[in-house]
$ cat run.txt   # compact mmCIF, C-alpha atoms
# COMPACT_ATOMS: atom_id res chain seq x y z
CA MET A 1 -0.95 -4.77 1.21
CA LEU A 2 2.34 -3.12 0.28
CA ASP A 3 3.30 -5.91 -2.10
CA LEU A 4 0.15 -5.21 -4.10
CA ALA A 5 0.44 -1.42 -4.18
CA PRO A 6 1.56 -0.27 -7.64
CA GLU A 7 3.30 2.77 -6.13
CA VAL A 8 5.70 0.53 -4.19
CA LEU A 9 9.07 -0.35 -5.71
CA SER A 10 10.72 -1.98 -2.73
CA ILE A 11 10.04 -2.89 0.90
CA ILE A 12 12.90 -3.13 3.37
CA PRO A 13 12.13 -4.60 6.81
CA GLU A 14 13.73 -2.92 9.83
CA PRO A 15 16.08 -0.80 7.71
CA GLY A 16 18.05 0.76 10.55
CA SER A 17 17.72 3.12 13.48
CA ILE A 18 16.92 6.81 13.66
CA PRO A 19 18.21 8.81 16.64
CA TYR A 20 15.74 11.29 18.12
CA VAL A 21 15.37 13.43 21.21
CA LEU A 22 12.26 13.30 23.36
CA ASP A 23 12.05 14.99 26.77
CA GLU A 24 15.73 15.94 26.48
CA GLN A 25 16.66 12.27 26.22
CA LEU A 26 18.41 10.73 23.22
CA SER A 27 16.64 7.62 21.98
CA SER A 28 16.67 5.43 18.93
CA TYR A 29 13.77 4.33 16.74
CA THR A 30 13.76 1.37 14.32
CA PRO A 31 10.84 1.44 11.89
CA ASP A 32 9.19 -1.83 10.88
CA TYR A 33 9.54 -1.04 7.17
CA LEU A 34 11.13 1.38 4.74
CA VAL A 35 9.06 1.58 1.57
CA LEU A 36 10.56 3.02 -1.60
CA LEU A 37 7.94 4.50 -3.92
CA ARG A 38 7.90 4.98 -7.70
CA ASN A 39 7.88 8.78 -7.33
CA ASP A 40 11.25 8.55 -5.50
CA SER A 41 9.59 9.16 -2.13
CA ARG A 42 10.38 7.08 0.92
CA CYS A 43 7.99 6.07 3.64
CA LEU A 44 8.74 4.64 7.06
CA ILE A 45 6.00 2.40 8.42
CA GLU A 46 5.31 1.34 11.97
CA VAL A 47 2.83 -1.49 12.61
CA LYS A 48 1.09 -1.34 16.01
CA TYR A 49 -2.10 -2.47 17.64
CA ALA A 50 -4.47 0.51 17.73
CA LYS A 51 -4.63 0.46 21.52
CA GLU A 52 -0.84 0.60 21.73
CA ALA A 53 -0.55 3.31 19.04
CA ALA A 54 -3.04 5.46 20.95
CA GLN A 55 -1.01 5.46 24.17
CA PRO A 56 0.23 8.99 24.95
CA ASP A 57 3.92 8.01 25.04
CA ASN A 58 3.71 6.33 21.64
CA LYS A 59 1.75 9.25 20.15
CA ARG A 60 4.40 11.71 21.36
CA ARG A 61 7.20 9.51 19.98
CA HIS A 62 5.39 9.12 16.64
CA ASP A 63 4.91 12.90 16.44
CA VAL A 64 8.66 13.44 16.88
CA ILE A 65 9.48 10.75 14.31
CA THR A 66 6.94 12.22 11.87
CA ARG A 67 8.60 15.64 12.07
CA LEU A 68 12.09 14.16 11.56
CA VAL A 69 11.03 12.06 8.59
CA GLU A 70 9.11 14.94 6.97
CA GLN A 71 12.10 17.28 7.43
CA ALA A 72 14.13 14.72 5.48
CA GLY A 73 11.50 14.71 2.71
CA GLY A 74 9.91 11.39 3.62
CA LEU A 75 6.61 10.08 4.89
CA PHE A 76 5.79 8.29 8.14
CA ALA A 77 2.74 6.12 8.78
CA VAL A 78 1.48 4.02 11.64
CA LEU A 79 -0.65 1.11 10.45
CA THR A 80 -2.98 -0.60 12.89
CA GLU A 81 -5.44 -3.46 12.69
CA ASN A 82 -8.06 -0.79 11.88
CA THR A 83 -6.21 -0.10 8.64
CA LEU A 84 -5.34 -3.67 7.85
CA THR A 85 -8.78 -5.14 8.51
CA GLN A 86 -10.85 -2.82 6.31
CA PRO A 87 -13.53 -4.88 4.54
CA GLY A 88 -12.08 -4.25 1.09
CA LEU A 89 -8.56 -5.25 2.07
CA ARG A 90 -9.73 -8.35 3.90
CA ALA A 91 -11.55 -9.56 0.79
CA ASN A 92 -9.18 -8.30 -1.90
CA LEU A 93 -5.71 -9.10 -0.59
CA PRO A 94 -6.15 -12.88 -0.46
CA LEU A 95 -7.88 -12.80 -3.85
CA LEU A 96 -5.16 -10.76 -5.53
CA GLU A 97 -2.39 -12.76 -3.87
CA GLN A 98 -3.61 -15.84 -5.76
CA TYR A 99 -2.98 -14.09 -9.11
CA ARG A 100 0.07 -12.01 -8.22
CA PHE A 101 2.58 -14.11 -10.17
CA ASN A 102 0.39 -15.07 -13.15
CA LEU A 103 1.87 -14.21 -16.52
CA ILE A 104 0.19 -11.43 -18.46
CA THR A 105 0.51 -11.74 -22.22
CA THR A 106 1.93 -9.04 -24.43
CA ASP A 107 -1.49 -8.75 -26.10
CA ALA A 108 -3.18 -8.19 -22.72
CA ARG A 109 -0.58 -5.59 -21.76
CA SER A 110 -1.09 -3.82 -25.07
CA TRP A 111 -4.88 -3.85 -24.61
CA ILE A 112 -4.51 -2.36 -21.13
CA ALA A 113 -2.15 0.37 -22.39
CA THR A 114 -4.48 1.24 -25.27
CA ASN A 115 -7.91 0.95 -23.66
CA LEU A 116 -7.58 1.89 -19.99
CA GLY A 117 -6.54 5.51 -20.24
CA GLN A 118 -8.34 8.54 -18.90
CA HIS A 119 -11.76 6.97 -18.40
CA PRO A 120 -12.33 3.98 -16.13
CA GLN A 121 -14.04 0.82 -17.31
CA SER A 122 -15.89 -1.64 -15.14
CA PHE A 123 -14.26 -4.86 -14.01
CA SER A 124 -16.83 -6.89 -15.95
CA THR A 125 -16.15 -5.00 -19.20
CA VAL A 126 -12.40 -5.53 -18.94
CA ALA A 127 -12.81 -9.15 -17.77
CA ASN A 128 -14.99 -9.89 -20.80
CA VAL A 129 -12.04 -8.94 -23.01
CA LEU A 130 -9.03 -10.16 -20.99
CA GLY A 131 -10.50 -12.78 -18.68
CA ARG A 132 -11.07 -12.51 -14.94
CA GLY A 133 -7.71 -14.06 -13.98
CA THR A 134 -5.75 -11.72 -16.23
CA VAL A 135 -7.53 -8.67 -14.79
CA LEU A 136 -6.84 -9.80 -11.23
CA ALA A 137 -3.20 -10.50 -12.12
CA ALA A 138 -2.91 -7.04 -13.72
CA ILE A 139 -4.31 -5.42 -10.57
CA ALA A 140 -1.97 -7.46 -8.35
CA GLN A 141 1.04 -6.56 -10.53
CA GLY A 142 0.21 -2.86 -10.68
CA LEU A 143 -0.76 -2.62 -14.36
CA ILE A 144 -4.38 -1.82 -13.53
CA ARG A 145 -5.51 0.20 -10.55
CA THR A 146 -8.71 0.15 -8.54
CA ASP A 147 -9.54 0.91 -4.92
CA ILE A 148 -8.86 -2.30 -3.04
CA ARG A 149 -9.26 -0.71 0.39
CA ARG A 150 -12.88 0.29 0.75
CA MET A 151 -14.91 -2.37 -1.03
CA PRO A 152 -14.34 -5.88 -2.31
CA ILE A 153 -13.68 -5.95 -6.04
CA ASP A 154 -16.89 -6.70 -7.93
CA SER A 155 -18.20 -6.53 -11.49
CA GLN A 156 -18.81 -2.76 -11.24
CA SER A 157 -15.42 -1.81 -9.75
CA PRO A 158 -13.87 0.95 -11.88
CA LEU A 159 -10.51 0.11 -13.41
CA TRP A 160 -7.81 2.44 -14.79
CA ARG A 161 -4.41 1.90 -16.31
CA ALA A 162 -1.84 2.30 -13.56

$ encode --input "run.txt" --output "structure tokens"
Amino acid sequence: MLDLAPEVLSIIPEPGSIPYVLDEQLSSYTPDYLVLLRNDSRCLIEVKYAKEAAQPDNKRRHDVITRLVEQAGGLFAVLTENTLTQPGLRANLPLLEQYRFNLITTDARSWIATNLGQHPQSFSTVANVLGRGTVLAAIAQGLIRTDIRRMPIDSQSPLWRA
């Protein structure tokens, strides 16, 4: 999911530990991922099963970590299977992964830059010009944006230049 997000520049697994105090006890937290974003923001991500994330001790710990990260100007998120198994993501991630490394021609890049500005166009309209594979590659590589979370990509999915 993060590999396909156009906002993401870099993903660093288990980047280090953060000391924190909870119940007057010094502890250490190691996030699962540090994500560097295009807008120079940083986001720490924890991946947990929803049942585990909902446990009171974990919620309290995540609240403390959230405050520390936000004070440092960053973002903190806990992703669960509820996030990662949304119908759109389940359908779109494997599809986009197939096209992620396809080459996109200079002509296709130019067309995207010129024609996908302020107003979205449907997937089918853009695919008629560039080809389905090129459009999927452009989405996977962050040149074109669409909502891949809620619904599977279809012919009516609105597309914008990223």

$ closest_residue --input "run.txt" --among "A:Met1, A:Val64, A:Ala50, A:Ala138" --to "Ala91 of chain A" --atoms "all atoms listed in the file"
A:Met1

$ residues_around --input "run.txt" --residues "segment 55-62 of chain A" --least-positions-apart "2" --cutoff "10 Å" --atoms "all atoms listed in the file" --output "list in words"
Tyr20, Val21, Leu22, Asp23, Ser27, Tyr29, Glu46, Lys48, Ala50, Lys51, Glu52, Ala53, Val64, Ile65, Thr66, Arg67, Leu68, Phe76, Ala77 and Val78 of chain A

$ closest_residue --input "run.txt" --among "A:Pro152, A:Ile139, A:Leu95, A:Leu159" --to "His119 of chain A" --atoms "all atoms listed in the file"
A:Leu159

$ closest_residue --input "run.txt" --among "A:Leu136, A:Val126, A:Leu96, A:Leu2" --to "Cys43 of chain A" --atoms "only C-alpha atoms"
A:Leu2

$ atom_distance --input "run.txt" --atom1 "atom CA of Gln121 of chain A" --atom2 "atom CA of Leu37 of chain A"
26.0 Å

$ atom_distance --input "run.txt" --atom1 "atom CA of Arg38 of chain A" --atom2 "atom CA of Gln141 of chain A"
13.7 Å
